[in-house]
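Okay, start_24.txt now, which holds compact mmCIF, C-alpha atoms:
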```txt
# COMPACT_ATOMS: atom_id res chain seq x y z
CA MET H 445 1.83 16.43 -21.41
CA LYS H 446 5.43 15.70 -22.45
CA ARG H 447 6.51 12.48 -24.13
CA ILE H 448 9.98 11.23 -23.24
CA ASN H 449 11.96 8.12 -24.12
CA THR H 450 14.74 6.15 -22.51
CA PRO H 451 17.67 6.45 -22.48
CA LEU H 452 17.00 9.89 -21.06
CA THR H 453 19.24 12.60 -22.39
CA GLU H 454 20.45 15.50 -20.30
CA LYS H 455 18.37 17.79 -22.51
CA ASP H 456 15.19 15.80 -21.75
CA ILE H 457 15.84 15.94 -18.04
CA LEU H 458 16.66 19.62 -17.86
CA ARG H 459 13.39 20.45 -19.62
CA LEU H 460 11.33 18.82 -16.85
CA LYS H 461 9.83 20.80 -14.00
CA ALA H 462 8.39 19.49 -10.73
CA GLY H 463 4.69 18.96 -11.32
CA ASP H 464 5.00 18.25 -15.05
CA GLU H 465 3.07 15.29 -16.36
CA VAL H 466 4.99 13.05 -18.70
CA LEU H 467 4.49 9.84 -20.66
CA LEU H 468 7.59 7.69 -20.50
CA SER H 469 8.47 5.04 -23.07
CA GLY H 470 11.41 2.66 -23.21
CA ASP H 471 13.25 0.41 -20.81
CA ILE H 472 13.16 0.78 -17.03
CA TYR H 473 14.51 -1.48 -14.27
CA THR H 474 12.56 -2.62 -11.23
CA SER H 475 14.51 -2.53 -7.99
CA ARG H 476 13.48 -2.20 -4.36
CA ASP H 477 14.81 -2.84 -0.87
CA GLN H 478 16.83 -6.07 -1.03
CA ALA H 479 17.99 -5.47 -4.61
CA HIS H 480 19.27 -2.03 -3.60
CA LYS H 481 21.23 -3.58 -0.78
CA ARG H 482 23.05 -5.67 -3.39
CA LEU H 483 23.18 -3.00 -6.11
CA ILE H 484 25.41 -0.73 -4.11
CA LYS H 485 28.02 -3.51 -3.92
CA LYS H 486 27.93 -4.68 -7.52
CA LEU H 487 25.93 -3.45 -10.48
CA PRO H 488 24.31 -6.21 -12.55
CA PHE H 489 23.24 -3.84 -15.34
CA LYS H 490 24.49 -0.62 -16.87
CA ILE H 491 23.33 2.04 -14.47
CA LYS H 492 24.56 4.97 -16.57
CA HIS H 493 21.51 6.83 -17.90
CA ALA H 494 19.24 4.13 -16.49
CA VAL H 495 15.79 4.52 -14.94
CA ILE H 496 14.96 2.59 -11.78
CA TYR H 497 11.34 1.80 -10.88
CA TYR H 498 10.72 1.06 -7.19
CA CYS H 499 8.40 -1.83 -7.77
CA GLY H 500 7.89 -5.46 -6.79
CA PRO H 501 5.20 -6.87 -9.07
CA THR H 502 2.86 -9.74 -8.30
CA GLN H 503 3.32 -13.00 -10.15
CA THR H 504 2.28 -12.86 -13.77
CA PRO H 505 -1.20 -14.28 -14.41
CA LYS H 506 -1.74 -16.48 -17.46
CA ARG H 507 -2.06 -14.60 -20.74
CA LYS H 508 -0.77 -11.38 -19.17
CA ILE H 509 2.55 -9.64 -19.73
CA ILE H 510 2.85 -8.71 -16.08
CA GLY H 511 0.68 -8.66 -12.97
CA SER H 512 -0.17 -5.71 -10.80
CA CYS H 513 2.92 -3.48 -10.71
CA GLY H 514 2.52 -0.13 -8.99
CA PRO H 515 5.20 1.89 -7.20
CA THR H 516 6.40 1.23 -3.66
CA THR H 517 7.45 3.83 -1.06
CA SER H 518 10.59 5.53 -2.37
CA SER H 519 11.97 6.80 0.93
CA ARG H 520 13.05 3.27 1.92
CA MET H 521 15.63 3.47 -0.87
CA ASP H 522 16.94 6.92 0.17
CA ALA H 523 20.06 5.60 1.89
CA PHE H 524 21.21 3.84 -1.30
CA THR H 525 20.23 6.50 -3.82
CA PRO H 526 23.04 9.11 -3.77
CA LEU H 527 25.65 6.45 -4.62
CA LEU H 528 23.59 5.17 -7.56
CA LEU H 529 23.13 8.72 -8.82
CA LYS H 530 26.89 9.19 -8.61
CA HIS H 531 27.28 6.17 -10.88
CA GLY H 532 25.03 7.72 -13.47
CA LEU H 533 21.48 6.71 -12.57
CA LYS H 534 19.31 9.32 -14.26
CA ALA H 535 15.78 8.73 -13.04
CA MET H 536 13.76 7.02 -10.35
CA ILE H 537 10.07 6.22 -10.31
CA GLY H 538 8.22 5.67 -7.04
CA LYS H 539 5.80 7.20 -4.61
CA GLY H 540 6.10 9.67 -1.77
CA GLN H 541 8.77 11.93 -0.38
CA ARG H 542 12.57 11.71 -0.57
CA SER H 543 15.14 12.76 1.97
CA GLU H 544 16.91 16.10 1.76
CA GLU H 545 20.11 14.23 0.93
CA VAL H 546 18.47 12.57 -2.07
CA ARG H 547 16.98 15.86 -3.25
CA ARG H 548 20.42 17.43 -3.19
CA ALA H 549 21.99 14.47 -5.00
CA ILE H 550 19.29 14.66 -7.70
CA LYS H 551 20.25 18.31 -8.23
CA LYS H 552 23.98 17.62 -8.14
CA TYR H 553 23.87 14.82 -10.70
CA ARG H 554 21.08 16.37 -12.81
CA ALA H 555 18.66 13.54 -12.43
CA VAL H 556 14.91 13.34 -11.93
CA TYR H 557 12.47 11.66 -9.57
CA PHE H 558 9.07 10.70 -10.93
CA LEU H 559 5.86 9.74 -9.16
CA ALA H 560 3.68 7.00 -10.58
CA TYR H 561 0.00 6.62 -9.68
CA ALA H 562 0.23 4.97 -6.31
CA GLY H 563 -1.94 2.00 -5.45
CA CYS H 564 -2.86 1.60 -9.12
CA GLY H 565 -0.88 -1.53 -9.98
CA ALA H 566 -3.58 -3.08 -12.17
CA LEU H 567 -3.85 0.08 -14.26
CA ILE H 568 -0.07 0.47 -14.56
CA SER H 569 0.29 -3.12 -15.84
CA LYS H 570 -1.35 -1.89 -19.06
CA TYR H 571 1.67 0.27 -19.91
CA VAL H 572 4.13 -2.61 -19.66
CA LYS H 573 4.80 -4.27 -22.98
CA LYS H 574 7.62 -6.68 -22.15
CA VAL H 575 9.32 -8.11 -19.06
CA THR H 576 12.87 -9.47 -18.99
CA PRO H 577 14.51 -10.85 -15.82
CA VAL H 578 17.87 -9.18 -15.22
CA ALA H 579 19.26 -10.25 -11.84
CA TYR H 580 18.68 -11.70 -8.37
CA ARG H 581 16.01 -14.24 -9.32
CA ASP H 582 16.29 -15.60 -5.76
CA LEU H 583 14.66 -12.40 -4.51
CA GLY H 584 11.36 -13.34 -6.15
CA PRO H 585 9.21 -10.19 -6.39
CA GLU H 586 12.24 -8.12 -5.37
CA ALA H 587 14.36 -9.35 -8.29
CA ILE H 588 15.45 -6.88 -10.95
CA TYR H 589 13.36 -6.96 -14.12
CA LYS H 590 13.71 -4.88 -17.21
CA LEU H 591 10.31 -3.53 -18.21
CA ALA H 592 9.65 -2.12 -21.65
CA VAL H 593 6.97 0.51 -21.07
CA LYS H 594 4.90 2.58 -23.45
CA ASP H 595 3.41 5.93 -22.45
CA PHE H 596 3.73 5.24 -18.74
CA PRO H 597 2.04 8.27 -17.08
CA LEU H 598 4.25 9.95 -14.50
CA ILE H 599 4.47 13.21 -12.62
CA VAL H 600 7.79 14.93 -11.97
CA GLY H 601 8.31 14.79 -8.20
CA ILE H 602 11.79 16.34 -7.99
CA ASP H 603 13.41 17.97 -11.00
CA ALA H 604 17.09 18.43 -11.90
CA LYS H 605 17.11 21.81 -10.20
CA GLY H 606 16.09 20.15 -6.94
CA ARG H 607 12.56 21.54 -6.92
CA SER H 608 10.04 19.24 -5.28
CA ILE H 609 6.32 18.88 -5.95
CA TYR H 610 5.80 18.55 -2.20
CA GLY H 611 7.40 21.98 -1.60
CA MET Z 263 -23.63 -28.87 18.42
CA LYS Z 264 -22.78 -27.81 14.87
CA ILE Z 265 -19.80 -29.54 13.34
CA ILE Z 266 -17.63 -27.86 10.70
CA LYS Z 267 -14.78 -29.68 9.01
CA ALA Z 268 -11.54 -27.69 8.94
CA GLU Z 269 -11.11 -28.95 5.35
CA LYS Z 270 -14.13 -26.91 4.31
CA ILE Z 271 -12.53 -23.73 5.61
CA ILE Z 272 -9.58 -23.97 3.20
CA LYS Z 273 -11.66 -23.10 0.15
CA VAL Z 274 -13.63 -20.41 1.99
CA VAL Z 275 -10.42 -18.62 2.97
CA ALA Z 276 -8.89 -19.05 -0.50
CA ASP Z 277 -11.96 -17.44 -2.07
CA LEU Z 278 -11.85 -14.57 0.44
CA CYS Z 279 -8.23 -13.85 -0.49
CA LEU Z 280 -9.19 -13.69 -4.16
CA LYS Z 281 -12.23 -11.51 -3.58
CA ALA Z 282 -10.45 -9.09 -1.26
CA ASN Z 283 -7.54 -8.57 -3.65
CA TYR Z 284 -9.58 -8.32 -6.87
CA VAL Z 285 -12.68 -6.41 -5.84
CA LEU Z 286 -12.39 -3.14 -3.97
CA ARG Z 287 -14.80 -2.94 -1.05
CA ARG Z 288 -18.12 -1.42 -2.05
CA ASP Z 289 -18.06 1.22 0.72
CA ILE Z 290 -14.56 2.35 -0.34
CA LEU Z 291 -15.42 2.55 -4.04
CA HIS Z 292 -18.61 4.44 -3.23
CA LYS Z 293 -16.72 7.02 -1.20
CA LEU Z 294 -13.97 7.33 -3.82
CA LYS Z 295 -16.57 8.10 -6.49
CA LEU Z 296 -18.20 10.64 -4.21
CA VAL Z 297 -14.98 12.53 -3.45
CA TYR Z 298 -13.98 12.33 -7.12
CA SER Z 299 -17.14 14.19 -8.05
CA GLN Z 300 -16.40 16.84 -5.42
CA GLU Z 301 -12.65 17.36 -5.95
CA LYS Z 302 -11.77 20.58 -7.78
CA ASN Z 303 -7.97 20.35 -7.73
CA SER Z 304 -7.19 18.96 -11.19
CA ARG Z 305 -4.13 16.91 -10.19
CA ALA Z 306 -5.97 15.39 -7.25
CA ARG Z 307 -8.96 14.68 -9.44
CA LYS Z 308 -6.79 12.90 -11.97
CA ALA Z 309 -5.23 10.76 -9.24
CA LEU Z 310 -8.69 9.82 -7.92
CA GLY Z 311 -9.76 9.01 -11.48
CA ALA Z 312 -6.77 6.67 -11.83
CA ILE Z 313 -7.65 4.96 -8.53
CA ILE Z 314 -11.25 4.35 -9.64
CA GLU Z 315 -10.13 3.12 -13.07
CA ASN Z 316 -7.62 0.82 -11.37
CA ALA Z 317 -10.40 -0.76 -9.32
CA ARG Z 318 -12.45 -1.29 -12.46
CA ILE Z 319 -9.59 -3.00 -14.31
CA ALA Z 320 -8.69 -5.15 -11.29
CA ALA Z 321 -12.23 -6.50 -10.88
CA LYS Z 322 -12.79 -7.01 -14.59
CA GLU Z 323 -9.49 -8.65 -15.45
CA LYS Z 324 -8.87 -10.42 -12.15
CA LEU Z 325 -5.69 -8.50 -11.40
CA ALA Z 326 -4.64 -7.59 -7.89
CA ILE Z 327 -5.85 -4.08 -7.01
CA CYS Z 328 -2.34 -3.40 -5.69
CA GLN Z 329 0.87 -5.37 -6.24
CA ASP Z 330 1.28 -5.32 -2.49
CA THR Z 331 -1.21 -8.05 -1.76
CA GLY Z 332 -0.29 -7.56 1.86
CA LEU Z 333 0.22 -9.53 4.98
CA PRO Z 334 -3.11 -11.35 5.43
CA ILE Z 335 -4.77 -10.41 8.70
CA VAL Z 336 -7.51 -12.92 9.49
CA PHE Z 337 -10.32 -12.33 11.95
CA ILE Z 338 -12.22 -15.39 13.08
CA GLU Z 339 -15.43 -15.18 15.08
CA LEU Z 340 -16.10 -18.68 16.27
CA GLY Z 341 -19.51 -19.45 17.74
CA GLN Z 342 -19.13 -21.36 20.99
CA ASP Z 343 -21.67 -23.97 19.86
CA ILE Z 344 -19.49 -25.08 16.96
CA ARG Z 345 -17.07 -27.93 16.98
CA ILE Z 346 -14.30 -27.77 14.41
CA THR Z 347 -12.94 -31.13 13.36
CA GLY Z 348 -9.36 -30.93 12.16
CA ASP Z 349 -6.89 -28.10 12.50
CA LEU Z 350 -8.53 -24.69 12.09
CA LYS Z 351 -5.36 -22.58 11.96
CA LYS Z 352 -3.67 -24.94 9.53
CA ALA Z 353 -6.76 -24.77 7.32
CA VAL Z 354 -6.70 -20.97 7.36
CA LEU Z 355 -3.00 -20.88 6.43
CA LYS Z 356 -3.54 -23.44 3.69
CA GLY Z 357 -6.48 -21.43 2.35
CA ILE Z 358 -4.34 -18.32 2.18
CA GLU Z 359 -1.58 -20.17 0.39
CA GLN Z 360 -4.03 -21.62 -2.13
CA GLY Z 361 -5.84 -18.33 -2.71
CA TYR Z 362 -2.66 -16.32 -3.14
CA LYS Z 363 -1.21 -18.91 -5.49
CA LYS Z 364 -4.35 -19.08 -7.59
CA GLY Z 365 -4.52 -15.30 -7.82
CA ASN Z 366 -0.84 -15.03 -8.78
CA PHE Z 367 -0.51 -12.60 -5.90
CA ARG Z 368 2.82 -11.44 -4.59
CA GLU Z 369 4.99 -13.63 -2.42
CA SER Z 370 5.45 -11.00 0.25
CA ILE Z 371 5.84 -13.03 3.43
CA ILE Z 372 9.27 -13.84 4.82
CA ASN Z 373 9.77 -16.31 7.62
CA ASP Z 374 12.49 -14.59 9.59
CA PRO Z 375 12.11 -10.83 10.09
CA ILE Z 376 15.84 -10.31 10.58
CA ALA Z 377 17.51 -12.89 8.37
CA ARG Z 378 14.75 -12.22 5.74
CA GLY Z 379 15.41 -14.94 3.11
CA LYS Z 380 13.09 -16.18 0.38
CA SER Z 381 9.58 -14.77 0.45
CA GLY Z 382 6.44 -16.81 -0.02
CA TYR Z 383 2.75 -17.19 0.79
CA ARG Z 384 3.10 -18.85 4.17
CA GLY Z 385 2.05 -16.78 7.13
CA ALA Z 386 -0.79 -14.67 8.41
CA VAL Z 387 -1.83 -12.92 11.57
CA ILE Z 388 -4.87 -14.73 12.93
CA HIS Z 389 -7.14 -13.21 15.57
CA THR Z 390 -9.73 -15.55 17.02
CA ASP Z 391 -12.70 -14.50 19.08
CA ILE Z 392 -15.16 -16.86 20.74
CA VAL Z 393 -18.70 -15.55 20.37
CA LYS Z 394 -22.24 -16.66 21.18
CA GLY Z 395 -24.16 -18.96 18.86
CA ASP Z 396 -23.26 -21.46 16.17
CA LYS Z 397 -21.96 -19.24 13.38
CA LEU Z 398 -18.42 -19.00 12.10
CA LYS Z 399 -17.38 -15.71 10.53
CA ILE Z 400 -14.06 -15.33 8.75
CA THR Z 401 -12.66 -12.04 7.49
CA VAL Z 402 -9.48 -11.60 5.48
CA LEU Z 403 -7.82 -8.18 5.41
CA PRO Z 404 -4.74 -8.17 3.16
CA LYS Z 405 -2.79 -5.30 4.70
CA GLY Z 406 -0.27 -3.55 2.48
CA PHE Z 407 2.90 -2.51 4.25
CA GLY Z 408 3.40 0.89 2.64
CA CYS Z 409 0.68 2.08 4.96
CA GLU Z 410 1.26 -0.45 7.75
CA ASN Z 411 4.73 1.08 8.11
CA LYS Z 412 3.06 4.34 9.09
CA SER Z 413 1.27 2.88 12.12
CA GLN Z 414 1.81 4.73 15.37
CA PHE Z 415 1.14 3.95 18.97
CA LYS Z 416 1.39 5.95 22.16
CA MET Z 417 0.51 5.57 25.80
CA LEU Z 418 -0.90 9.00 26.64
CA ASN Z 419 -1.35 10.20 30.18
CA PRO Z 420 -4.76 9.48 31.66
CA THR Z 421 -5.24 13.23 32.09
CA ALA Z 422 -4.51 13.91 28.41
CA GLY Z 423 -8.10 14.31 27.25
CA GLU Z 424 -9.61 14.52 23.79
CA ASP Z 425 -7.41 17.29 22.44
CA GLU Z 426 -4.20 15.35 22.93
CA VAL Z 427 -5.77 12.24 21.45
CA LYS Z 428 -6.71 14.26 18.40
CA LYS Z 429 -3.27 15.83 18.18
CA PHE Z 430 -1.59 12.44 18.20
CA ILE Z 431 -3.86 11.02 15.50
CA ILE Z 432 -3.46 14.07 13.25
CA GLN Z 433 0.33 14.08 13.55
CA ALA Z 434 0.36 10.36 12.64
CA VAL Z 435 -1.50 11.15 9.41
CA LYS Z 436 0.76 14.11 8.69
CA THR Z 437 3.83 11.96 9.25
CA ALA Z 438 2.51 9.46 6.73
CA GLY Z 439 2.12 12.46 4.41
CA PRO Z 440 2.10 11.52 0.73
CA ASP Z 441 4.00 8.25 1.26
CA ALA Z 442 1.35 5.68 2.13
CA CYS Z 443 -1.12 6.15 -0.74
CA PRO Z 444 -3.62 8.74 0.41
CA PRO Z 445 -6.58 9.27 0.56
CA TYR Z 446 -6.36 7.19 3.72
CA VAL Z 447 -8.76 5.36 5.93
CA VAL Z 448 -7.53 6.06 9.43
CA GLY Z 449 -8.19 3.24 11.88
CA VAL Z 450 -7.90 4.23 15.52
CA GLY Z 451 -7.94 2.11 18.67
CA ILE Z 452 -8.40 3.94 21.96
CA GLY Z 453 -8.19 2.21 25.33
CA GLY Z 454 -7.55 -1.36 26.39
CA SER Z 455 -3.86 -2.25 26.72
CA SER Z 456 -0.94 -1.56 24.38
CA ASP Z 457 -1.52 -4.72 22.34
CA TYR Z 458 -5.30 -4.39 22.37
CA ALA Z 459 -5.32 -0.78 21.16
CA GLY Z 460 -3.32 -1.92 18.11
CA PHE Z 461 -5.81 -4.70 17.50
CA LEU Z 462 -8.74 -2.27 17.80
CA ALA Z 463 -7.16 0.08 15.26
CA LYS Z 464 -7.17 -2.83 12.78
CA VAL Z 465 -10.72 -3.82 13.65
CA ALA Z 466 -11.77 -0.22 12.96
CA LEU Z 467 -10.65 -0.68 9.34
CA LEU Z 468 -13.21 -3.44 8.88
CA LYS Z 469 -16.16 -1.16 9.58
CA ASN Z 470 -18.30 0.35 6.82
CA ILE Z 471 -16.73 3.74 6.22
CA ASN Z 472 -20.02 5.28 5.16
CA ALA Z 473 -21.88 4.34 8.34
CA LYS Z 474 -22.90 7.00 10.86
CA ARG Z 475 -19.84 8.63 12.44
CA SER Z 476 -19.23 9.91 15.93
CA LYS Z 477 -18.50 13.57 16.59
CA LEU Z 478 -14.84 12.77 17.28
CA GLU Z 479 -14.56 10.92 13.96
CA GLN Z 480 -16.15 13.82 12.11
CA ASP Z 481 -13.92 16.39 13.82
CA LEU Z 482 -10.82 14.40 12.93
CA GLU Z 483 -11.92 14.02 9.30
CA LYS Z 484 -12.31 17.79 9.09
CA GLU Z 485 -8.92 18.47 10.68
CA ILE Z 486 -7.14 15.93 8.48
CA GLY Z 487 -8.85 17.43 5.43
CA LYS Z 488 -7.19 20.75 6.25
CA SER Z 489 -3.71 19.21 6.01
CA GLY Z 490 -3.87 19.60 2.24
CA ILE Z 491 -1.99 16.36 1.57
CA GLY Z 492 -4.62 15.15 -0.90
CA PRO Z 493 -4.68 12.09 -3.16
CA MET Z 494 -1.10 10.87 -3.77
CA GLY Z 495 0.06 13.91 -1.83
CA LEU Z 496 -0.75 16.14 -4.80
CA GLY Z 497 -2.92 18.56 -2.84
CA GLY Z 498 -6.67 18.91 -2.83
CA LYS Z 499 -9.15 18.40 -0.08
CA VAL Z 500 -9.41 14.64 0.14
CA THR Z 501 -6.66 13.37 2.43
CA CYS Z 502 -8.78 10.82 4.22
CA LEU Z 503 -11.86 8.91 3.16
CA ALA Z 504 -12.82 8.26 6.77
CA VAL Z 505 -11.63 8.06 10.35
CA LYS Z 506 -12.91 4.99 12.19
CA ILE Z 507 -12.49 4.70 15.94
CA GLU Z 508 -12.92 1.70 18.21
CA SER Z 509 -12.89 2.36 21.96
CA PHE Z 510 -12.51 0.03 24.91
CA PRO Z 511 -12.33 0.31 28.73
CA THR Z 512 -8.86 0.98 30.03
CA HIS Z 513 -6.92 1.49 33.27
CA ILE Z 514 -7.07 4.63 35.47
CA ALA Z 515 -3.34 5.16 34.91
CA GLY Z 516 -3.31 5.19 31.11
CA LEU Z 517 -4.79 6.16 27.76
CA PRO Z 518 -3.46 3.97 24.94
CA VAL Z 519 -3.98 5.27 21.41
CA ALA Z 520 -3.07 3.30 18.29
CA VAL Z 521 -3.33 4.59 14.74
CA ASN Z 522 -3.41 2.14 11.86
CA ILE Z 523 -3.42 3.88 8.53
CA SER Z 524 -4.83 2.20 5.46
CA CYS Z 525 -4.10 3.28 1.91
CA HIS Z 526 -7.05 4.00 -0.39
CA ALA Z 527 -6.95 0.34 -1.44
CA LEU Z 528 -8.51 -0.88 1.80
CA ARG Z 529 -9.29 -4.49 1.05
CA SER Z 530 -11.22 -7.01 3.08
CA ALA Z 531 -13.77 -9.76 2.54
CA SER Z 532 -15.88 -11.84 4.92
CA ALA Z 533 -17.78 -15.12 4.84
CA ARG Z 534 -20.19 -16.78 7.25
CA LEU Z 535 -20.50 -20.52 7.70
```
I'd like the structure from this file rewritten - as structure tokens, please.
Amino acid sequence: MKRINTPLTEKDILRLKAGDEVLLSGDIYTSRDQAHKRLIKKLPFKIKHAVIYYCGPTQTPKRKIIGSCGPTTSSRMDAFTPLLLKHGLKAMIGKGQRSEEVRRAIKKYRAVYFLAYAGCGALISKYVKKVTPVAYRDLGPEAIYKLAVKDFPLIVGIDAKGRSIYG
Amino acid sequence: MKIIKAEKIIKVVADLCLKANYVLRRDILHKLKLVYSQEKNSRARKALGAIIENARIAAKEKLAICQDTGLPIVFIELGQDIRITGDLKKAVLKGIEQGYKKGNFRESIINDPIARGKSGYRGAVIHTDIVKGDKLKITVLPKGFGCENKSQFKMLNPTAGEDEVKKFIIQAVKTAGPDACPPYVVGVGIGGSSDYAGFLAKVALLKNINAKRSKLEQDLEKEIGKSGIGPMGLGGKVTCLAVKIESFPTHIAGLPVAVNISCHALRSASARL
């Protein structure tokens, strides 16, 4: 089990292999369908070295930091991903397969794609220590939030060499 | 004639929304624990362990099992000897809104599928069936869209036979692959018309997955198991928890088959009035 922190350095990323289990700590940004549609026109946060988490959490219950917040299907963001990688996005967290184009872009820009435990939003909420709204409040659950996470368990889905856990 | 006030239904539906989203169905949890004990692939085992732990946390802390609290699909069985005073459908929609708000669930419903716009709690698919007697049964199935997106439907030729039906169902599961949160429950509707087959595939998801299975269901479970997708797509032998099939008479010229895949977090709750 490897421990890594954001911002991710190139050295961190190059050490990761598809299938590795990691515990990620630091800041990550939620973003899914509608936010991606806007992101590719104008970036509301510094994307260089950033980590995007494909996630739209529930509302936050009383006395909780966040509600259920598991990953959503990554492939819906495939069309937007190569451009974000070009602008310096270093990692994505989601579930499921990516397109061949995304796999190649991950390799080209030396980035990484992580899988989070899918359908485990209640469990994942335990790794979130702080939530800060960043942009697009009008999108409700699809707004961009900065999440401070501690030891978020992930599996490397596609590594910087373009190797995929799904073969 | 039994009289039920629509007002009374609001709270019943609200409570069903909370129960379905907090407490994983007993048959699903039972099967998950069983396959966990049998899984030898360490990655797959870990993923199953996380799924079981997630269900425990959700029930204990009243957190949604999944952040995708779904599009609520409501099944109403209305006894013909009942008279509802007030507006039944409005009461159901109000109950959903209240339940989802109380549970701090996700505002996942948008009014206009093309223009999209602001999402909220308003909206549900409601199926109503008139049945014998004076009982009212309401079931709420919050259907997540990660798996709903993997639904498939095909009008096969009437001469297709069982092998082609099987082939279609298996390719639908393989197409879903690791994306829709396996291990899946595969709901299948065979027969009826195009719309009805889709409905039957949903109804299949309401059935106890540990009940006695038909030979076709067992064969499909075996075949899907061989795909090697496994929990979260990480390999292992558990790709589906169950295949459930609902059949219905159809026309001599056709053989409709609908596949409705559910993620491992198959949630539903029922109440009788």
- Counting all atoms listed in the file, collect the residues of chain Z whose closest atom lies at most 10 Å from chain H, and write them out as a ChimeraX atom specification. /Z:284,305,308-310,312-321,323-331,362-370,378-382,406-409,411,438-444,491,493-497,525-527
- Task: List every protein, DNA or RNA residue that has at least one atom no more than 7 Å from (10.8, -3.0, -16.8) in the file's coordinates, counting all atoms listed in the file, and write the result as an MDAnalysis selection string.
- Result: chainID H and resid 471:474 575 589:593
- Considering only C-alpha atoms, return as a PyMOL selection string whatever protein or nucleic-acid residues lie within 6 Å of Lys551 (chain H), sequence-local ones (same chain, fewer than 6 positions apart) excluded. chain H and resi 604-606
- Query: Between H:Ile491, H:Ala535, H:Leu528, H:Leu483, which has the minimum distance to Ala587 (chain H) (counting only C-alpha atoms)?
  - Reply: H:Leu483
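Minimum distance to Lys273 (chain Z) across Z:Gly357, Z:Gly311, Z:Gly332, Z:Gly490 (counting all atoms listed in the file) occurs at Z:Gly357.
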- Message: Please compute the CA of Leu529 (chain H)-CA of Ala549 (chain H) distance, one decimal, in Å.
- Response: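 Straight-line distance from CA of Leu529 (chain H) to CA of Ala549 (chain H) works out to 7.0 Å.
Taking only C-alpha atoms, the non-local environment of His531 (chain H) within 12 Å (same-chain residues fewer than 6 positions away omitted) comprises Leu483, Ile484, Lys485, Lys486, Leu487, Phe489, Lys490, Ile491, Lys492, His493, Ala494, Phe524, Thr525, Ala549, Tyr553 and Ala555 of chain H.
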- Using all atoms listed in the file, which residue out of Z:Gly423, Z:Gly341, Z:Pro334, Z:Gly451 lies closest to Ile388 (chain Z)?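 Residue with the minimum atom-to-atom distance to Ile388 (chain Z): Z:Pro334.
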